[in-house]
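Visitor: Next up, work.cif (mmCIF, C-alpha atoms and all ligand atoms).
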```cif
data_my_file
loop_
_atom_site.label_atom_id
_atom_site.label_comp_id
_atom_site.auth_asym_id
_atom_site.auth_seq_id
_atom_site.Cartn_x
_atom_site.Cartn_y
_atom_site.Cartn_z
CA MET A 1 61.46 7.85 -17.69
CA ASN A 2 59.73 5.47 -20.10
CA GLN A 3 58.15 6.38 -23.48
CA GLU A 4 54.65 5.53 -22.34
CA LYS A 5 54.82 7.89 -19.41
CA LEU A 6 56.36 10.64 -21.54
CA LEU A 7 53.70 10.14 -24.20
CA ALA A 8 50.95 10.40 -21.61
CA ILE A 9 52.38 13.74 -20.44
CA ALA A 10 53.09 15.17 -23.90
CA SER A 11 49.64 14.33 -25.22
CA GLN A 12 48.10 16.61 -22.59
CA PHE A 13 49.60 19.59 -24.43
CA ALA A 14 48.03 21.33 -27.44
CA LEU A 15 50.55 19.96 -29.95
CA GLU A 16 50.13 20.00 -33.72
CA GLY A 17 50.63 16.68 -35.46
CA GLU A 18 51.13 13.16 -34.21
CA ILE A 19 53.98 12.23 -31.87
CA GLU A 20 56.54 9.89 -33.40
CA THR A 21 58.98 9.60 -30.51
CA ILE A 22 60.27 11.42 -27.40
CA LYS A 23 64.03 11.55 -26.84
CA PRO A 24 66.13 12.87 -23.94
CA LEU A 25 68.09 15.99 -24.85
CA GLY A 26 71.30 17.16 -23.22
CA GLU A 27 72.27 17.16 -19.60
CA GLY A 28 70.86 20.23 -17.82
CA PHE A 29 71.83 20.74 -14.19
CA ILE A 30 68.32 21.53 -13.05
CA ASN A 31 65.50 20.42 -15.38
CA ASP A 32 65.01 17.28 -17.49
CA THR A 33 64.67 18.08 -21.18
CA PHE A 34 63.23 15.95 -24.00
CA THR A 35 62.61 16.47 -27.71
CA VAL A 36 59.16 15.52 -28.96
CA VAL A 37 59.52 14.45 -32.59
CA THR A 38 56.31 14.61 -34.61
CA VAL A 39 55.32 12.92 -37.86
CA GLY A 40 55.53 14.91 -41.12
CA ASP A 41 55.49 18.71 -41.31
CA ALA A 42 54.26 19.53 -37.82
CA PRO A 43 56.83 21.28 -35.60
CA ASN A 44 58.87 19.33 -33.09
CA TYR A 45 58.70 20.35 -29.44
CA ILE A 46 60.78 20.65 -26.30
CA LEU A 47 59.20 18.93 -23.31
CA GLN A 48 60.66 19.80 -19.93
CA ARG A 49 60.16 18.51 -16.44
CA LYS A 50 60.68 21.64 -14.38
CA ASN A 51 62.49 21.13 -11.10
CA HIS A 52 59.94 22.36 -8.62
CA ILE A 53 62.34 22.16 -5.66
CA VAL A 54 64.51 24.74 -7.39
CA PHE A 55 61.46 26.58 -8.78
CA PRO A 56 58.79 26.49 -6.07
CA ASP A 57 56.25 28.43 -8.17
CA VAL A 58 56.26 26.80 -11.62
CA PRO A 59 52.91 28.41 -12.64
CA GLY A 60 54.35 31.85 -11.76
CA MET A 61 57.50 31.04 -13.70
CA MET A 62 55.51 30.03 -16.79
CA ASP A 63 53.50 33.27 -16.53
CA ASN A 64 56.81 35.18 -16.63
CA ILE A 65 58.01 33.24 -19.67
CA LEU A 66 54.77 33.79 -21.57
CA ALA A 67 54.70 37.52 -20.81
CA VAL A 68 58.33 38.05 -21.77
CA THR A 69 58.20 36.00 -24.97
CA ASN A 70 54.98 37.73 -26.09
CA HIS A 71 56.67 41.08 -25.54
CA ILE A 72 59.62 40.01 -27.70
CA LYS A 73 57.39 38.49 -30.39
CA ALA A 74 55.65 41.83 -30.94
CA LYS A 75 58.99 43.44 -31.87
CA VAL A 76 61.01 40.97 -33.94
CA ALA A 77 60.97 40.07 -37.64
CA ASP A 78 60.57 36.32 -37.12
CA PRO A 79 58.59 35.75 -33.91
CA MET A 80 58.69 31.93 -34.19
CA ARG A 81 62.50 31.84 -34.31
CA GLU A 82 63.67 34.88 -32.41
CA THR A 83 62.26 33.77 -29.08
CA LEU A 84 60.66 30.73 -27.44
CA THR A 85 57.02 29.86 -28.12
CA VAL A 86 55.22 28.44 -25.09
CA VAL A 87 52.70 25.71 -25.92
CA PRO A 88 49.84 25.51 -23.40
CA ALA A 89 48.18 22.36 -22.18
CA LYS A 90 44.81 21.40 -23.66
CA ASP A 91 43.14 22.77 -20.51
CA GLY A 92 44.66 26.20 -21.18
CA LYS A 93 47.22 26.09 -18.36
CA LEU A 94 50.87 26.71 -19.22
CA TYR A 95 51.97 23.47 -17.56
CA VAL A 96 50.83 19.96 -16.74
CA GLN A 97 51.06 18.80 -13.17
CA ASP A 98 51.66 15.11 -12.65
CA GLY A 99 51.90 14.31 -8.97
CA GLU A 100 54.97 16.12 -7.68
CA ASN A 101 56.19 17.03 -11.14
CA TYR A 102 55.47 19.99 -13.37
CA TRP A 103 55.92 19.78 -17.12
CA ALA A 104 56.02 22.49 -19.80
CA VAL A 105 56.37 22.55 -23.57
CA CYS A 106 57.75 24.99 -26.12
CA VAL A 107 58.25 24.78 -29.87
CA PHE A 108 61.58 23.27 -30.96
CA ILE A 109 63.39 25.85 -33.09
CA ALA A 110 64.81 23.95 -36.06
CA ASP A 111 68.12 24.61 -37.86
CA THR A 112 69.80 25.93 -34.75
CA ALA A 113 73.00 25.09 -32.93
CA SER A 114 73.86 25.40 -29.26
CA TYR A 115 77.26 24.99 -27.65
CA ASP A 116 78.71 24.04 -24.30
CA ARG A 117 81.87 26.00 -24.89
CA ALA A 118 82.88 28.97 -27.03
CA ASP A 119 85.48 27.81 -29.53
CA SER A 120 85.88 31.05 -31.49
CA VAL A 121 85.87 34.77 -30.83
CA GLU A 122 83.12 35.13 -33.44
CA LEU A 123 80.85 32.90 -31.35
CA ALA A 124 81.65 34.94 -28.23
CA TYR A 125 80.89 38.16 -30.12
CA GLN A 126 77.57 36.72 -31.31
CA GLY A 127 76.71 35.55 -27.80
CA GLY A 128 77.27 39.09 -26.52
CA VAL A 129 75.02 40.48 -29.23
CA GLY A 130 72.38 37.91 -28.23
CA ILE A 131 72.18 38.89 -24.57
CA GLY A 132 72.58 42.60 -25.34
CA ARG A 133 69.64 42.35 -27.75
CA PHE A 134 67.57 40.27 -25.32
CA GLN A 135 67.96 42.97 -22.67
CA ALA A 136 67.26 45.74 -25.20
CA LEU A 137 64.03 44.05 -26.37
CA LEU A 138 62.86 43.90 -22.75
CA ALA A 139 64.00 47.38 -21.71
CA ASP A 140 60.42 48.70 -21.94
CA PHE A 141 58.77 45.63 -20.36
CA ASP A 142 56.89 47.15 -17.45
CA LYS A 143 54.75 44.41 -15.91
CA PRO A 144 55.82 42.93 -12.58
CA LEU A 145 57.61 39.56 -12.84
CA ASN A 146 57.43 36.78 -10.27
CA GLU A 147 60.68 36.15 -8.40
CA THR A 148 61.17 32.54 -9.52
CA ILE A 149 64.16 31.90 -7.25
CA LYS A 150 64.47 34.08 -4.17
CA GLY A 151 67.59 36.24 -4.12
CA PHE A 152 69.05 34.40 -7.10
CA HIS A 153 72.08 36.66 -7.69
CA ASN A 154 71.81 38.54 -4.40
CA ILE A 155 75.05 37.78 -2.62
CA ARG A 156 73.72 39.08 0.71
CA TRP A 157 71.05 36.39 0.58
CA ARG A 158 73.58 33.79 -0.67
CA PHE A 159 75.82 34.56 2.33
CA GLN A 160 72.84 34.06 4.64
CA GLN A 161 72.25 30.60 3.11
CA TRP A 162 76.00 29.98 3.28
CA ASP A 163 76.26 30.86 6.99
CA GLU A 164 73.29 28.64 7.78
CA THR A 165 74.63 25.72 5.77
CA ILE A 166 78.06 25.91 7.39
CA ALA A 167 76.57 26.20 10.88
CA LYS A 168 74.39 23.15 10.20
CA ASP A 169 77.10 21.11 8.46
CA PRO A 170 74.42 18.54 7.55
CA VAL A 171 76.72 15.84 6.15
CA GLY A 172 79.89 16.61 8.09
CA ARG A 173 81.91 18.03 5.19
CA VAL A 174 82.84 21.42 6.68
CA ALA A 175 86.06 20.19 8.31
CA GLU A 176 87.36 18.84 5.03
CA VAL A 177 86.82 22.10 3.05
CA GLN A 178 88.36 24.68 5.36
CA GLU A 179 90.73 25.95 2.70
CA GLU A 180 87.91 26.39 0.17
CA ILE A 181 85.74 28.15 2.77
CA GLY A 182 88.65 30.55 3.25
CA TRP A 183 88.55 31.42 -0.50
CA VAL A 184 84.95 32.54 -0.09
CA GLU A 185 85.42 34.37 3.21
CA ALA A 186 88.40 36.34 1.86
CA ARG A 187 86.06 37.92 -0.70
CA ARG A 188 82.93 38.39 1.41
CA LYS A 189 83.41 42.11 1.96
CA GLU A 190 84.24 43.15 -1.61
CA MET A 191 81.28 41.19 -2.96
CA LEU A 192 78.84 42.66 -0.42
CA ASP A 193 80.23 46.14 -1.16
CA PHE A 194 79.46 45.64 -4.85
CA TRP A 195 75.95 44.40 -4.10
CA SER A 196 75.29 47.45 -1.89
CA LEU A 197 75.48 49.55 -5.06
CA VAL A 198 72.59 47.56 -6.52
CA GLU A 199 70.66 47.80 -3.27
CA ASP A 200 71.06 51.57 -3.00
CA GLY A 201 70.16 52.14 -6.67
CA THR A 202 73.59 53.34 -7.81
CA ILE A 203 73.45 50.42 -10.25
CA PRO A 204 69.94 50.24 -11.79
CA THR A 205 67.82 47.11 -12.21
CA HIS A 206 66.20 45.85 -15.41
CA VAL A 207 64.52 42.74 -16.74
CA THR A 208 67.37 40.27 -17.08
CA HIS A 209 67.91 36.66 -18.08
CA ASN A 210 70.05 35.58 -15.12
CA ASP A 211 71.40 32.33 -16.59
CA THR A 212 73.40 33.41 -19.62
CA LYS A 213 75.83 30.54 -20.05
CA ILE A 214 76.53 29.70 -23.68
CA SER A 215 74.23 26.67 -23.79
CA ASN A 216 71.28 29.00 -23.15
CA ILE A 217 71.69 30.77 -26.48
CA LEU A 218 70.57 29.39 -29.83
CA PHE A 219 72.58 30.20 -32.95
CA ASP A 220 71.15 30.09 -36.47
CA LYS A 221 72.81 27.14 -38.23
CA PRO A 222 72.82 28.51 -41.81
CA THR A 223 74.35 31.90 -40.90
CA GLY A 224 76.13 31.20 -37.60
CA LYS A 225 74.53 34.37 -36.21
CA VAL A 226 72.87 34.48 -32.82
CA LEU A 227 69.16 33.74 -32.88
CA CYS A 228 67.74 34.02 -29.37
CA ALA A 229 68.15 33.47 -25.66
CA ILE A 230 66.43 30.36 -24.33
CA ASP A 231 66.06 28.76 -20.87
CA LEU A 232 63.97 31.66 -19.61
CA ASP A 233 63.14 30.11 -16.21
CA THR A 234 65.11 32.74 -14.33
CA VAL A 235 63.99 35.88 -16.17
CA MET A 236 63.45 38.37 -13.37
CA SER A 237 64.35 41.86 -12.36
CA SER A 238 68.04 42.28 -11.48
CA THR A 239 71.12 44.14 -12.63
CA SER A 240 72.01 43.56 -16.26
CA LEU A 241 75.62 43.32 -15.13
CA ASN A 242 74.89 39.81 -13.88
CA ASP A 243 73.94 38.65 -17.37
CA PHE A 244 77.22 39.96 -18.67
CA GLY A 245 79.14 38.45 -15.75
CA ASP A 246 77.61 34.99 -16.06
CA ALA A 247 78.32 34.94 -19.77
CA ILE A 248 81.94 35.97 -19.17
CA ARG A 249 82.21 33.09 -16.69
CA SER A 250 81.01 30.75 -19.41
CA TYR A 251 82.45 32.04 -22.71
CA THR A 252 85.94 32.96 -21.53
CA ASN A 253 86.79 29.72 -19.71
CA THR A 254 89.48 27.86 -21.67
CA GLY A 255 88.55 24.68 -19.80
CA ALA A 256 85.32 23.04 -18.71
CA GLU A 257 83.17 24.29 -15.85
CA ASP A 258 84.05 21.11 -13.99
CA ASP A 259 87.55 20.54 -15.40
CA LYS A 260 89.59 18.21 -13.22
CA ASN A 261 92.76 19.46 -14.86
CA LEU A 262 93.11 22.97 -13.52
CA ASP A 263 95.87 23.69 -16.04
CA ASN A 264 93.13 23.84 -18.66
CA VAL A 265 91.25 26.60 -16.86
CA GLU A 266 92.07 30.25 -17.53
CA MET A 267 90.10 33.30 -18.57
CA SER A 268 90.76 34.04 -22.23
CA ILE A 269 91.13 37.79 -22.61
CA ASP A 270 90.42 37.48 -26.34
CA MET A 271 87.07 35.87 -25.60
CA PHE A 272 86.40 38.59 -23.03
CA ARG A 273 87.09 41.30 -25.60
CA ALA A 274 84.90 39.62 -28.22
CA TYR A 275 81.96 39.08 -25.88
CA ALA A 276 82.22 42.63 -24.51
CA GLU A 277 82.34 44.01 -28.04
CA GLY A 278 79.18 42.13 -29.03
CA TYR A 279 77.33 43.01 -25.84
CA LEU A 280 78.26 46.69 -25.93
CA SER A 281 77.34 46.98 -29.61
CA GLU A 282 73.73 46.49 -28.45
CA GLN A 283 73.81 48.01 -24.97
CA ARG A 284 76.42 50.78 -24.86
CA ALA A 285 74.01 53.64 -25.60
CA SER A 286 71.55 52.71 -22.86
CA MET A 287 73.99 51.96 -20.03
CA THR A 288 74.68 54.27 -17.10
CA GLN A 289 78.23 55.24 -16.18
CA SER A 290 77.89 53.15 -13.01
CA GLU A 291 77.05 50.08 -15.09
CA LEU A 292 80.02 50.64 -17.38
CA ASP A 293 82.29 51.17 -14.38
CA TRP A 294 81.30 47.82 -12.87
CA LEU A 295 80.89 45.76 -16.03
CA ALA A 296 84.24 43.98 -15.83
CA PHE A 297 83.79 43.33 -12.11
CA ALA A 298 80.54 41.50 -12.87
CA GLY A 299 82.58 38.61 -14.31
CA ARG A 300 84.35 38.24 -10.96
CA TYR A 301 81.10 38.66 -9.02
CA ILE A 302 79.21 35.88 -10.79
CA THR A 303 82.19 33.55 -10.89
CA PHE A 304 82.64 34.11 -7.16
CA GLU A 305 78.93 33.44 -6.62
CA GLN A 306 79.30 30.19 -8.56
CA VAL A 307 82.26 29.12 -6.37
CA LEU A 308 80.09 29.80 -3.33
CA ARG A 309 77.04 28.00 -4.77
CA PHE A 310 78.93 24.87 -5.83
CA LEU A 311 80.78 24.69 -2.51
CA MET A 312 77.62 25.36 -0.51
CA ASP A 313 75.85 22.55 -2.37
CA TYR A 314 78.77 20.23 -1.63
CA ILE A 315 78.62 21.12 2.07
CA ASP A 316 74.84 20.68 1.99
CA GLY A 317 75.15 17.12 0.60
CA ASP A 318 74.53 17.82 -3.13
CA ASN A 319 70.85 18.67 -3.11
CA TYR A 320 70.68 21.42 -5.74
CA TYR A 321 72.80 20.62 -8.78
CA LYS A 322 72.67 17.27 -10.51
CA THR A 323 76.01 15.53 -9.96
CA ALA A 324 77.65 12.78 -11.99
CA TYR A 325 80.03 11.51 -9.28
CA ALA A 326 80.63 11.82 -5.53
CA ASP A 327 82.71 15.00 -5.28
CA HIS A 328 81.47 16.64 -8.50
CA ASN A 329 80.44 19.86 -6.74
CA LEU A 330 83.88 20.12 -5.15
CA VAL A 331 85.57 19.62 -8.52
CA ARG A 332 83.32 22.37 -9.92
CA THR A 333 84.28 24.60 -6.98
CA HIS A 334 87.99 24.18 -7.69
CA ALA A 335 87.62 24.80 -11.42
CA GLN A 336 85.51 27.92 -10.90
CA TYR A 337 87.96 29.19 -8.28
CA LYS A 338 90.82 28.78 -10.73
CA LEU A 339 88.80 30.82 -13.24
CA LEU A 340 88.08 33.49 -10.62
CA GLN A 341 91.79 33.83 -9.83
CA SER A 342 92.54 34.14 -13.54
CA MET A 343 90.00 36.98 -13.78
CA GLU A 344 91.47 38.69 -10.73
CA ARG A 345 94.93 38.57 -12.32
CA GLN A 346 93.65 40.02 -15.59
CA TYR A 347 91.24 42.51 -14.08
CA ASP A 348 93.12 45.68 -15.09
CA GLU A 349 93.14 44.53 -18.68
CA MET A 350 89.42 43.66 -18.55
CA CYS A 351 88.67 47.18 -17.28
CA ALA A 352 90.84 48.73 -20.00
CA ILE A 353 88.98 46.78 -22.68
CA VAL A 354 85.57 47.91 -21.38
CA LYS A 355 86.84 51.49 -21.28
CA SER A 356 88.15 51.35 -24.83
CA LEU A 357 84.83 49.93 -26.07
CA SER A 358 82.65 52.42 -24.26
P1 LIG B 1 68.18 23.26 -18.88
O1 LIG B 1 67.31 24.04 -17.95
O2 LIG B 1 68.26 21.84 -18.53
O3 LIG B 1 69.53 23.91 -19.05
P2 LIG B 1 67.42 24.31 -21.51
O4 LIG B 1 66.10 24.96 -21.59
O5 LIG B 1 68.63 25.17 -21.48
O6 LIG B 1 67.43 23.28 -20.28
O7 LIG B 1 67.54 23.29 -22.74
C1 LIG B 1 68.65 22.40 -22.88
C2 LIG B 1 69.17 22.41 -24.31
O8 LIG B 1 68.10 22.04 -25.21
C3 LIG B 1 69.61 23.79 -24.80
O9 LIG B 1 70.95 24.06 -24.47
C4 LIG B 1 69.40 23.65 -26.31
O10 LIG B 1 70.47 22.96 -26.91
C5 LIG B 1 68.17 22.77 -26.42
N1 LIG B 1 66.92 23.54 -26.55
C6 LIG B 1 66.15 24.00 -25.55
N2 LIG B 1 65.06 24.65 -26.02
C7 LIG B 1 65.14 24.59 -27.35
C8 LIG B 1 64.28 25.05 -28.42
N3 LIG B 1 63.13 25.70 -28.17
N4 LIG B 1 64.65 24.80 -29.69
C9 LIG B 1 65.80 24.13 -29.96
N5 LIG B 1 66.64 23.66 -29.00
C10 LIG B 1 66.32 23.88 -27.71
C1 LIG B 2 72.32 26.04 -13.78
O1 LIG B 2 69.87 25.32 -15.65
P1 LIG B 2 71.24 25.53 -16.20
O2 LIG B 2 72.03 24.28 -16.35
O3 LIG B 2 71.19 26.40 -17.44
C2 LIG B 2 71.95 27.14 -12.80
C3 LIG B 2 72.79 28.38 -13.05
C4 LIG B 2 74.25 28.02 -12.94
C5 LIG B 2 74.56 26.90 -13.91
C6 LIG B 2 75.99 26.44 -13.76
C7 LIG B 2 68.34 27.81 -12.10
O4 LIG B 2 72.00 26.46 -15.09
O5 LIG B 2 72.48 29.40 -12.13
O6 LIG B 2 75.03 29.14 -13.23
O7 LIG B 2 73.70 25.77 -13.68
N1 LIG B 2 70.54 27.44 -12.92
C8 LIG B 2 69.76 27.56 -11.84
O8 LIG B 2 76.34 25.72 -14.89
O9 LIG B 2 70.20 27.47 -10.69
MG MG B 3 70.10 25.60 -20.03
#
```
Is it possible to express this structure as structure tokens?
Ligand code: ADP
Ligand code: GN1
Ligand code: MG

Guide:
Amino acid sequence: MNQEKLLAIASQFALEGEIETIKPLGEGFINDTFTVVTVGDAPNYILQRKNHIVFPDVPGMMDNILAVTNHIKAKVADPMRETLTVVPAKDGKLYVQDGENYWAVCVFIADTASYDRADSVELAYQGGVGIGRFQALLADFDKPLNETIKGFHNIRWRFQQWDETIAKDPVGRVAEVQEEIGWVEARRKEMLDFWSLVEDGTIPTHVTHNDTKISNILFDKPTGKVLCAIDLDTVMSSTSLNDFGDAIRSYTNTGAEDDKNLDNVEMSIDMFRAYAEGYLSEQRASMTQSELDWLAFAGRYITFEQVLRFLMDYIDGDNYYKTAYADHNLVRTHAQYKLLQSMERQYDEMCAIVKSLS
């Protein structure tokens, strides 16, 4: 995307100051993210092209983000740093539509750090505090939220997509991944049984983030403490267990999400303990017994879901996640499966840790 085009988009938003330059930032799997650097004292901004294939209702998604961030702003000491600030377009809309593409802007929060991997238990603890606090701030949010991705962490719906994709076999890859398909099928029943508890209300639903990997948390650079949860595209109503589970999938992995060397990939029980400690320090008092009972399992649930989603995207011909090379989604599947097995092996210990902390 060239500067001129980016400038034309960015200047449709109600920005303070004059734009100096627009630079690509990071490598998200879904959206395209840029930093808008302004001249002088004006804030910098984050400009994002929202993937409207993944998010079919971008206006509805932006309404969610505005409502949720306004709710948080009313409660925190530093509303410009402790949550995102959505910047509307000059016409008052929360996005700019340019042909097929939707763009949105928020204020860049300066003096922050974000990470792709947890390299210390302190960071994992802080991450747990961050998501625990995010959920606590939204516990009394009572407006309806748009469902930005249908059935996002609903494994019954994921299995429906899975069955359809395998039956269709659109690019002829099913034959080659029979073993991997077996990994998913062997766990179908236990995962559906868990989800039944959400469906029948045994496990309650709340406003949740739904994409809690470490890169979606900002840490305050000067203090190293957690600052806020970002990447709010998937904030919806779900079980808060999923936020815990997705974070465990991310923070505890001793390797990369797409590690080709499976020897690198294990679940670190020390990271699990630290994250659980941070999370429960904020959430313990408001959780039901059913949530506490299933908290450790949530790590397995979301890691399993990720195995299924990566493999399903591979079978589908790589339409959902951005990939860097031909069998990237298959490599991700293998690495996440290794992590899932590591969690299954250490499950008793995970449960004991949750029990001792609650
Ligand atoms: P994606 O959907 O592609 O994952 P994110 O919204 O997570 O995009 O943003 C990607 C990265 O950009 C984050 O991991 C973080 O490092 C940085 N980032 C995003 N928003 C902000 C912000 N408001 N202030 C500072 N950094 C940000
Ligand atoms: C995607 O957008 P990003 O990169 O934070 C995905 C998550 C996956 C994650 C795997 C909307 O997250 O669900 O867990 O990749 N987000 C969406 O890394 O599908
Ligand atoms: Mg992100």

Visitor: Throw together the list of residues within 9 Å of ligand MG 3 (chain B), counting only C-alpha atoms and all ligand atoms, and drop it here as a list in words.

Guide: Glu27, Gly28, Phe29, Ile30, Asn31, Asp211, Thr212, Lys213, Ile214, Ser215, Asn216, Ile217, Ile230, Asp231 and Leu232 of chain A

Visitor: Taking into account all atoms listed in the file, which residue in the set A:Asn146, A:Asn44, A:Gln346, A:Ser11 is nearest to Lys23 (chain A)?

Guide: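 Result for the nearest residue to Lys23 (chain A): A:Asn44.
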
Visitor: If you take every atom of region 123-142 of chain A that the file lists and fit an axis-aligned box around them with 4 Å extra on each side, what centre and edge lengths come out in Å to one decimal, as AutoDock Vina command-line options?

Guide:
```
--center_x 69.3 --center_y 40.8 --center_z -24.4 --size_x 32.8 --size_y 23.8 --size_z 21.9
```

Visitor: Using all atoms listed in the file, find each protein or nucleic acid residue lying at most 10 Å from ligand LIG 1 (chain B); present the set as a PyMOL selection string.

Guide: chain A and resi 24-35+44-51+80-81+83-86+105-116+211-219+228-234

Visitor: Restricting the calculation to all atoms listed in the file: of A:His153, A:Lys322, A:Lys75, A:Arg117, which residue gets closest to Asp243 (chain A)?

Guide: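 Of A:His153, A:Lys322, A:Lys75, A:Arg117, the one nearest Asp243 (chain A) is A:His153, counting all atoms listed in the file.
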
Visitor: Check which residues of region 305-339 of chain A sit at most 9 Å from region 250-269 of chain A using only C-alpha atoms, and return one row each with the closest pair of atoms and their distance in Å to one decimal, ordered by chain and rising number, as a Markdown table.

Guide:
```
| residue | atom | partner | partner_atom | distance |
| --- | --- | --- | --- | --- |
| A:His328 | CA | A:Asp258 | CA | 7.5 |
| A:Asn329 | CA | A:Asp258 | CA | 8.2 |
| A:Leu330 | CA | A:Asp258 | CA | 8.9 |
| A:Val331 | CA | A:Asp258 | CA | 5.9 |
| A:Arg332 | CA | A:Asp258 | CA | 4.3 |
| A:Thr333 | CA | A:Asp258 | CA | 7.8 |
| A:His334 | CA | A:Leu262 | CA | 7.9 |
| A:Ala335 | CA | A:Asp258 | CA | 5.7 |
| A:Gln336 | CA | A:Glu257 | CA | 6.6 |
| A:Lys338 | CA | A:Val265 | CA | 6.5 |
| A:Leu339 | CA | A:Glu266 | CA | 5.4 |
```

Visitor: For the point (79.1, 41.3, -13.7) in the file's frame, write as an mmCIF file with C-alpha atoms, in the coordinates of the input all residues with an atom no more than 9 Å away, counting all atoms listed in the file.

Guide:
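That gives us selection.cif:
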```cif
data_model
loop_
_atom_site.group_PDB
_atom_site.id
_atom_site.type_symbol
_atom_site.label_atom_id
_atom_site.label_comp_id
_atom_site.auth_asym_id
_atom_site.auth_seq_id
_atom_site.Cartn_x
_atom_site.Cartn_y
_atom_site.Cartn_z
ATOM 1 C CA THR A 239 71.120 44.140 -12.630
ATOM 2 C CA SER A 240 72.010 43.560 -16.260
ATOM 3 C CA LEU A 241 75.620 43.320 -15.130
ATOM 4 C CA ASN A 242 74.890 39.810 -13.880
ATOM 5 C CA ASP A 243 73.940 38.650 -17.370
ATOM 6 C CA PHE A 244 77.220 39.960 -18.670
ATOM 7 C CA GLY A 245 79.140 38.450 -15.750
ATOM 8 C CA ASP A 246 77.610 34.990 -16.060
ATOM 9 C CA ALA A 247 78.320 34.940 -19.770
ATOM 10 C CA ILE A 248 81.940 35.970 -19.170
ATOM 11 C CA TRP A 294 81.300 47.820 -12.870
ATOM 12 C CA LEU A 295 80.890 45.760 -16.030
ATOM 13 C CA ALA A 296 84.240 43.980 -15.830
ATOM 14 C CA PHE A 297 83.790 43.330 -12.110
ATOM 15 C CA ALA A 298 80.540 41.500 -12.870
ATOM 16 C CA GLY A 299 82.580 38.610 -14.310
ATOM 17 C CA ARG A 300 84.350 38.240 -10.960
ATOM 18 C CA TYR A 301 81.100 38.660 -9.020
ATOM 19 C CA ILE A 302 79.210 35.880 -10.790
ATOM 20 C CA THR A 303 82.190 33.550 -10.890
#
```

Visitor: Excluding same-chain residues fewer than 4 positions from region 16-19 of chain A, what lies within 9 Å of it counting all atoms listed in the file, as number ranges by chain?

Guide: A: 7, 10-11, 36-44

Visitor: Between A:Arg173, A:Arg249, A:Lys143, A:Lys221, which has the minimum distance to Met271 (chain A) (counting all atoms listed in the file)?

Guide: A:Arg249

Visitor: Would you please work out which residue, of A:Phe272, A:Trp183, A:Phe310, A:Tyr347, is nearest to ligand LIG 2 (chain B) when using all atoms listed in the file?

Guide: A:Phe310

Visitor: Could you work out how far CA of Phe194 (chain A) lies from CA of Ala175 (chain A), giving the answer in Å with one decimal?

Guide: 29.4 Å

Visitor: So how far away is CA of Arg156 (chain A) from CA of Lys189 (chain A), in Å?

Guide: 10.2 Å

Visitor: Pick out the closest residue to Leu123 (chain A) from this set: A:His209, A:Arg345, A:Arg284, A:Arg273. Count all atoms listed in the file.

Guide: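 Among the listed residues, the smallest separation from Leu123 (chain A) belongs to A:Arg273.
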
Visitor: Select, from A:Leu197, A:Ile72, A:Ala8, A:Leu137, the residue with the minimum atom-to-atom distance to Trp103 (chain A), counting only C-alpha atoms.

Guide: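 For Trp103 (chain A), the nearest of the given residues is A:Ala8.
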
Visitor: Between CA of Tyr102 (chain A) and atom O9 of ligand LIG 2 (chain B), measure the distance and give it in Å to one decimal.

Guide: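 Result for CA of Tyr102 (chain A) versus atom O9 of ligand LIG 2 (chain B): 16.7 Å, one decimal.
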
Visitor: With a distance cut-off of 6 Å and all atoms listed in the file, select the neighbouring residues of Gly278 (chain A), excluding the residue or stretch itself and same-chain residues fewer than 4 positions from it, and output the selection as a VMD selection string.

Guide: chain A and resid 125 128 to 129

Visitor: Hey, can you spit out that residue selection with C-alpha atoms as a PDB file, keeping the file's coordinate frame?

Guide:
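Final file, result39.pdb:
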```pdb
ATOM      1  CA  TYR A 125      80.890  38.160 -30.120  1.00  0.00           C
ATOM      2  CA  GLY A 128      77.270  39.090 -26.520  1.00  0.00           C
ATOM      3  CA  VAL A 129      75.020  40.480 -29.230  1.00  0.00           C
TER       4      VAL A 129
END
```

Visitor: Any chance you could build region 350-355 of chain A out to N, CA, C and O atoms and write it as a PDB file, in the coordinates of the input?

Guide:
```pdb
ATOM      1  N   MET A 350      90.869  43.729 -18.276  1.00  0.00           N
ATOM      2  CA  MET A 350      89.420  43.660 -18.550  1.00  0.00           C
ATOM      3  C   MET A 350      88.808  45.064 -18.472  1.00  0.00           C
ATOM      4  O   MET A 350      88.019  45.466 -19.344  1.00  0.00           O
ATOM      5  N   CYS A 351      89.206  45.820 -17.454  1.00  0.00           N
ATOM      6  CA  CYS A 351      88.670  47.180 -17.280  1.00  0.00           C
ATOM      7  C   CYS A 351      89.092  48.061 -18.457  1.00  0.00           C
ATOM      8  O   CYS A 351      88.289  48.855 -18.977  1.00  0.00           O
ATOM      9  N   ALA A 352      90.347  47.902 -18.885  1.00  0.00           N
ATOM     10  CA  ALA A 352      90.840  48.730 -20.000  1.00  0.00           C
ATOM     11  C   ALA A 352      90.065  48.423 -21.281  1.00  0.00           C
ATOM     12  O   ALA A 352      89.755  49.325 -22.067  1.00  0.00           O
ATOM     13  N   ILE A 353      89.736  47.157 -21.481  1.00  0.00           N
ATOM     14  CA  ILE A 353      88.980  46.780 -22.680  1.00  0.00           C
ATOM     15  C   ILE A 353      87.589  47.413 -22.643  1.00  0.00           C
ATOM     16  O   ILE A 353      87.135  48.007 -23.628  1.00  0.00           O
ATOM     17  N   VAL A 354      86.921  47.311 -21.483  1.00  0.00           N
ATOM     18  CA  VAL A 354      85.570  47.910 -21.380  1.00  0.00           C
ATOM     19  C   VAL A 354      85.659  49.406 -21.656  1.00  0.00           C
ATOM     20  O   VAL A 354      84.845  49.970 -22.388  1.00  0.00           O
ATOM     21  N   LYS A 355      86.683  50.041 -21.098  1.00  0.00           N
ATOM     22  CA  LYS A 355      86.840  51.490 -21.280  1.00  0.00           C
ATOM     23  C   LYS A 355      87.025  51.818 -22.767  1.00  0.00           C
ATOM     24  O   LYS A 355      86.389  52.728 -23.300  1.00  0.00           O
TER      25      LYS A 355
END
```
